[in-house]
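Trainee: Pasting in a structure now, in structure tokens, and then I'll have a few things to ask.
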Amino acid sequence: MNAVVYLSYTGNSRKVASYAARKLSFPCLDLHETKERDFEHLLFIAPVHAERLPDEAISFLKEVKAEEMIIVATYGRMNHGNAIFEVQKKFHLPLVGAAYFPTRHSYLKDDLYEAPYGRLDDLGNAFGKGRYIIVPESEDTFGRGLFPKLRARFAVHIEVNKDCAHCGACNKACPFGAIVDGKIDNHKCIRCLACAKVCPSGAIDFTLAKTLARYLAKPKRENVLVYVGSDE
Ligand SMILES: Cc1cc2nc3c(=O)[nH]c(=O)nc-3n(C[C@H](O)[C@H](O)[C@H](O)COP(=O)(O)O)c2cc1C
Ligand code: SF4
Ligand code: SF4
């Protein structure tokens, strides 16, 4: 089958996936809800976490089979690192296209950036031509990929306030079983903020450590980097 499959914690990759699925007339599948692992044409969309793809995306790419694949990595305009390069190298993915796509940053509460969805309109044309590509390695940054979960745990403080109505929505939204009725297990939590996104009472607060807040205040990159095969 052909499909757009997405992994999304705070909704950005899901929006990109819906847009792309409409353009391609492909079904749009949430990675958390599909067991399908066999595709003809697969467009996979996932966020960049600590300059790499999250473990759930990596596990999916390890087992999925596709004749042709396009990967879009959404990133919060800071640094996409080598998120796609790394998985292609590791799993020899049959890529005919790829993109690093700028979005709102999950950790910036007042980020009103409008993602340039139209820039992805031609990406799907890469399917069906058999022109496989190699995504180039980009510049390395110091400390990339080092203990991402530990760094997130210290840089993002998350807690549930008195407005919690014990509705259980956060339990269902957390892919890691890291929150139960408003109590967070810090060892399991990766600070993806899926729980805060769904909480109907606005009861999940998060604050950023000064170093992370300073880093996120820096000028943003808004490059859409698209890779497709050429005719030559
Ligand atoms: C744990 C975590 C780590 C992140 N790391 C990066 C990063 O290294 N570079 C970046 O530009 N954005 C980073 N972001 C921002 C996300 O990549 C961006 O907001 C993405 O679109 C979120 O996708 P989603 O809403 O589909 O989950 C990070 C977000 C989270 C939650
Ligand atoms: S979703 Fe919000 S209100 Fe519901 S249990 Fe979780 S923290 Fe409490
Ligand atoms: S508890 Fe942690 S891992 Fe679970 S959804 Fe919330 S931020 Fe993500």
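In the structure tokens, chains take the letters A, B, ... in the order shown, each chain's residues start at 1, and ligands count up from 1 in the order shown.
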Among segment 135-188 of chain A, which ones does DSSP assign to alpha helix (DSSP H) (computed from the backbone)? Answer as a PyMOL selection string.
Mentor: chain A and resi 148-155+169-173
Trainee: How would the residues just chosen look if you wrote them out with N, CA and C atoms as a PDB file, in the first residue's frame?
Mentor:
```pdb
ATOM      1  N   PRO A 148      20.530  12.294  25.169  1.00  0.00           N
ATOM      2  CA  PRO A 148      19.430  13.234  24.913  1.00  0.00           C
ATOM      3  C   PRO A 148      18.358  13.206  25.989  1.00  0.00           C
ATOM      4  N   LYS A 149      18.043  12.025  26.523  1.00  0.00           N
ATOM      5  CA  LYS A 149      16.951  11.959  27.509  1.00  0.00           C
ATOM      6  C   LYS A 149      17.367  12.638  28.813  1.00  0.00           C
ATOM      7  N   LEU A 150      18.625  12.377  29.186  1.00  0.00           N
ATOM      8  CA  LEU A 150      19.126  12.965  30.431  1.00  0.00           C
ATOM      9  C   LEU A 150      19.177  14.492  30.312  1.00  0.00           C
ATOM     10  N   ARG A 151      19.651  14.962  29.155  1.00  0.00           N
ATOM     11  CA  ARG A 151      19.732  16.414  28.949  1.00  0.00           C
ATOM     12  C   ARG A 151      18.350  17.042  29.005  1.00  0.00           C
ATOM     13  N   ALA A 152      17.362  16.363  28.377  1.00  0.00           N
ATOM     14  CA  ALA A 152      15.992  16.902  28.379  1.00  0.00           C
ATOM     15  C   ALA A 152      15.450  16.938  29.806  1.00  0.00           C
ATOM     16  N   ARG A 153      15.763  15.903  30.581  1.00  0.00           N
ATOM     17  CA  ARG A 153      15.233  15.828  31.949  1.00  0.00           C
ATOM     18  C   ARG A 153      15.716  17.010  32.793  1.00  0.00           C
ATOM     19  N   PHE A 154      16.994  17.383  32.604  1.00  0.00           N
ATOM     20  CA  PHE A 154      17.522  18.497  33.399  1.00  0.00           C
ATOM     21  C   PHE A 154      17.128  19.859  32.830  1.00  0.00           C
ATOM     22  N   ALA A 155      16.891  19.906  31.520  1.00  0.00           N
ATOM     23  CA  ALA A 155      16.636  21.208  30.890  1.00  0.00           C
ATOM     24  C   ALA A 155      15.167  21.595  30.907  1.00  0.00           C
ATOM     25  N   ALA A 169      -6.641  11.911  30.443  1.00  0.00           N
ATOM     26  CA  ALA A 169      -6.263  12.151  29.034  1.00  0.00           C
ATOM     27  C   ALA A 169      -4.748  12.071  28.849  1.00  0.00           C
ATOM     28  N   CYS A 170      -4.005  12.545  29.848  1.00  0.00           N
ATOM     29  CA  CYS A 170      -2.536  12.519  29.719  1.00  0.00           C
ATOM     30  C   CYS A 170      -2.014  11.079  29.736  1.00  0.00           C
ATOM     31  N   ASN A 171      -2.647  10.206  30.527  1.00  0.00           N
ATOM     32  CA  ASN A 171      -2.216   8.798  30.563  1.00  0.00           C
ATOM     33  C   ASN A 171      -2.261   8.212  29.154  1.00  0.00           C
ATOM     34  N   LYS A 172      -3.381   8.492  28.476  1.00  0.00           N
ATOM     35  CA  LYS A 172      -3.578   7.917  27.139  1.00  0.00           C
ATOM     36  C   LYS A 172      -2.614   8.522  26.132  1.00  0.00           C
ATOM     37  N   ALA A 173      -2.314   9.814  26.291  1.00  0.00           N
ATOM     38  CA  ALA A 173      -1.478  10.494  25.297  1.00  0.00           C
ATOM     39  C   ALA A 173       0.000  10.135  25.427  1.00  0.00           C
TER      40      ALA A 173
END
```
Trainee: Which residues are close to Leu7 of chain A, i.e. within 10 Å by only C-alpha atoms, leaving aside same-chain residues fewer than 3 positions away? Reply as a PyMOL selection string.
Mentor: chain A and resi 10-14+17+29-33+44-47+54+56-57+60
Trainee: Store the residues of this selection in a file with C-alpha atoms, as a compact mmCIF listing (two decimals), in the first residue's frame.
Mentor:
```txt
# COMPACT_ATOMS: atom_id res chain seq x y z
CA THR A 10 2.89 18.09 19.91
CA GLY A 11 1.00 18.07 16.62
CA ASN A 12 3.42 19.72 14.16
CA SER A 13 4.38 16.56 12.26
CA ARG A 14 0.73 15.49 12.25
CA ALA A 17 1.40 14.70 7.40
CA LEU A 29 -1.60 6.88 9.51
CA ASP A 30 -0.51 7.62 13.07
CA LEU A 31 2.52 5.48 13.94
CA HIS A 32 0.99 4.90 17.37
CA GLU A 33 -2.12 3.39 15.80
CA PHE A 44 7.32 9.09 6.82
CA ILE A 45 7.18 12.25 8.93
CA ALA A 46 8.67 12.61 12.41
CA PRO A 47 10.11 15.36 14.63
CA PRO A 54 13.21 9.91 18.37
CA GLU A 56 10.16 5.37 18.27
CA ALA A 57 10.88 6.63 14.74
CA PHE A 60 9.85 1.93 13.00
```
Trainee: Please extract the residues at most 6 Å from ligand 2, counting only C-alpha atoms and all ligand atoms, and provide them as an MDAnalysis selection string, using the chain letters and residue numbers of this document.
Mentor: chainID A and resid 160 164:170 181:182 199:201 203:204
Trainee: Restricting it to C-alpha atoms, dump the selection as a PDB file, in the first residue's frame.
Mentor:
```pdb
ATOM      1  CA  VAL A 160       1.062  18.969  37.193  1.00  0.00           C
ATOM      2  CA  CYS A 164      -5.754  18.642  37.359  1.00  0.00           C
ATOM      3  CA  ALA A 165      -9.231  17.093  37.071  1.00  0.00           C
ATOM      4  CA  HIS A 166      -7.854  13.517  36.999  1.00  0.00           C
ATOM      5  CA  CYS A 167      -9.494  12.916  33.640  1.00  0.00           C
ATOM      6  CA  GLY A 168      -6.786  10.501  32.455  1.00  0.00           C
ATOM      7  CA  ALA A 169      -6.263  12.151  29.034  1.00  0.00           C
ATOM      8  CA  CYS A 170      -2.536  12.519  29.719  1.00  0.00           C
ATOM      9  CA  ASP A 181      -3.323  10.643  36.738  1.00  0.00           C
ATOM     10  CA  GLY A 182      -1.038  13.617  36.789  1.00  0.00           C
ATOM     11  CA  CYS A 199      -4.582  18.292  28.895  1.00  0.00           C
ATOM     12  CA  PRO A 200      -8.042  19.926  28.802  1.00  0.00           C
ATOM     13  CA  SER A 201      -7.425  21.806  32.073  1.00  0.00           C
ATOM     14  CA  ALA A 203      -2.788  21.606  34.291  1.00  0.00           C
ATOM     15  CA  ILE A 204       0.599  20.521  32.946  1.00  0.00           C
TER      16      ILE A 204
END
```
Trainee: Within 7 Å of ligand 3, counting only C-alpha atoms and all ligand atoms: which residues, as an MDAnalysis selection string?
Mentor: chainID A and resid 170 173:179 184 188:196
Trainee: Might you pull out every residue within 9 Å of Ala126 of chain A, with only C-alpha atoms counted and same-chain residues fewer than 4 positions away left off, and present them as a PyMOL selection string?
Mentor: chain A and resi 70+96-97+122+130-131+228-229
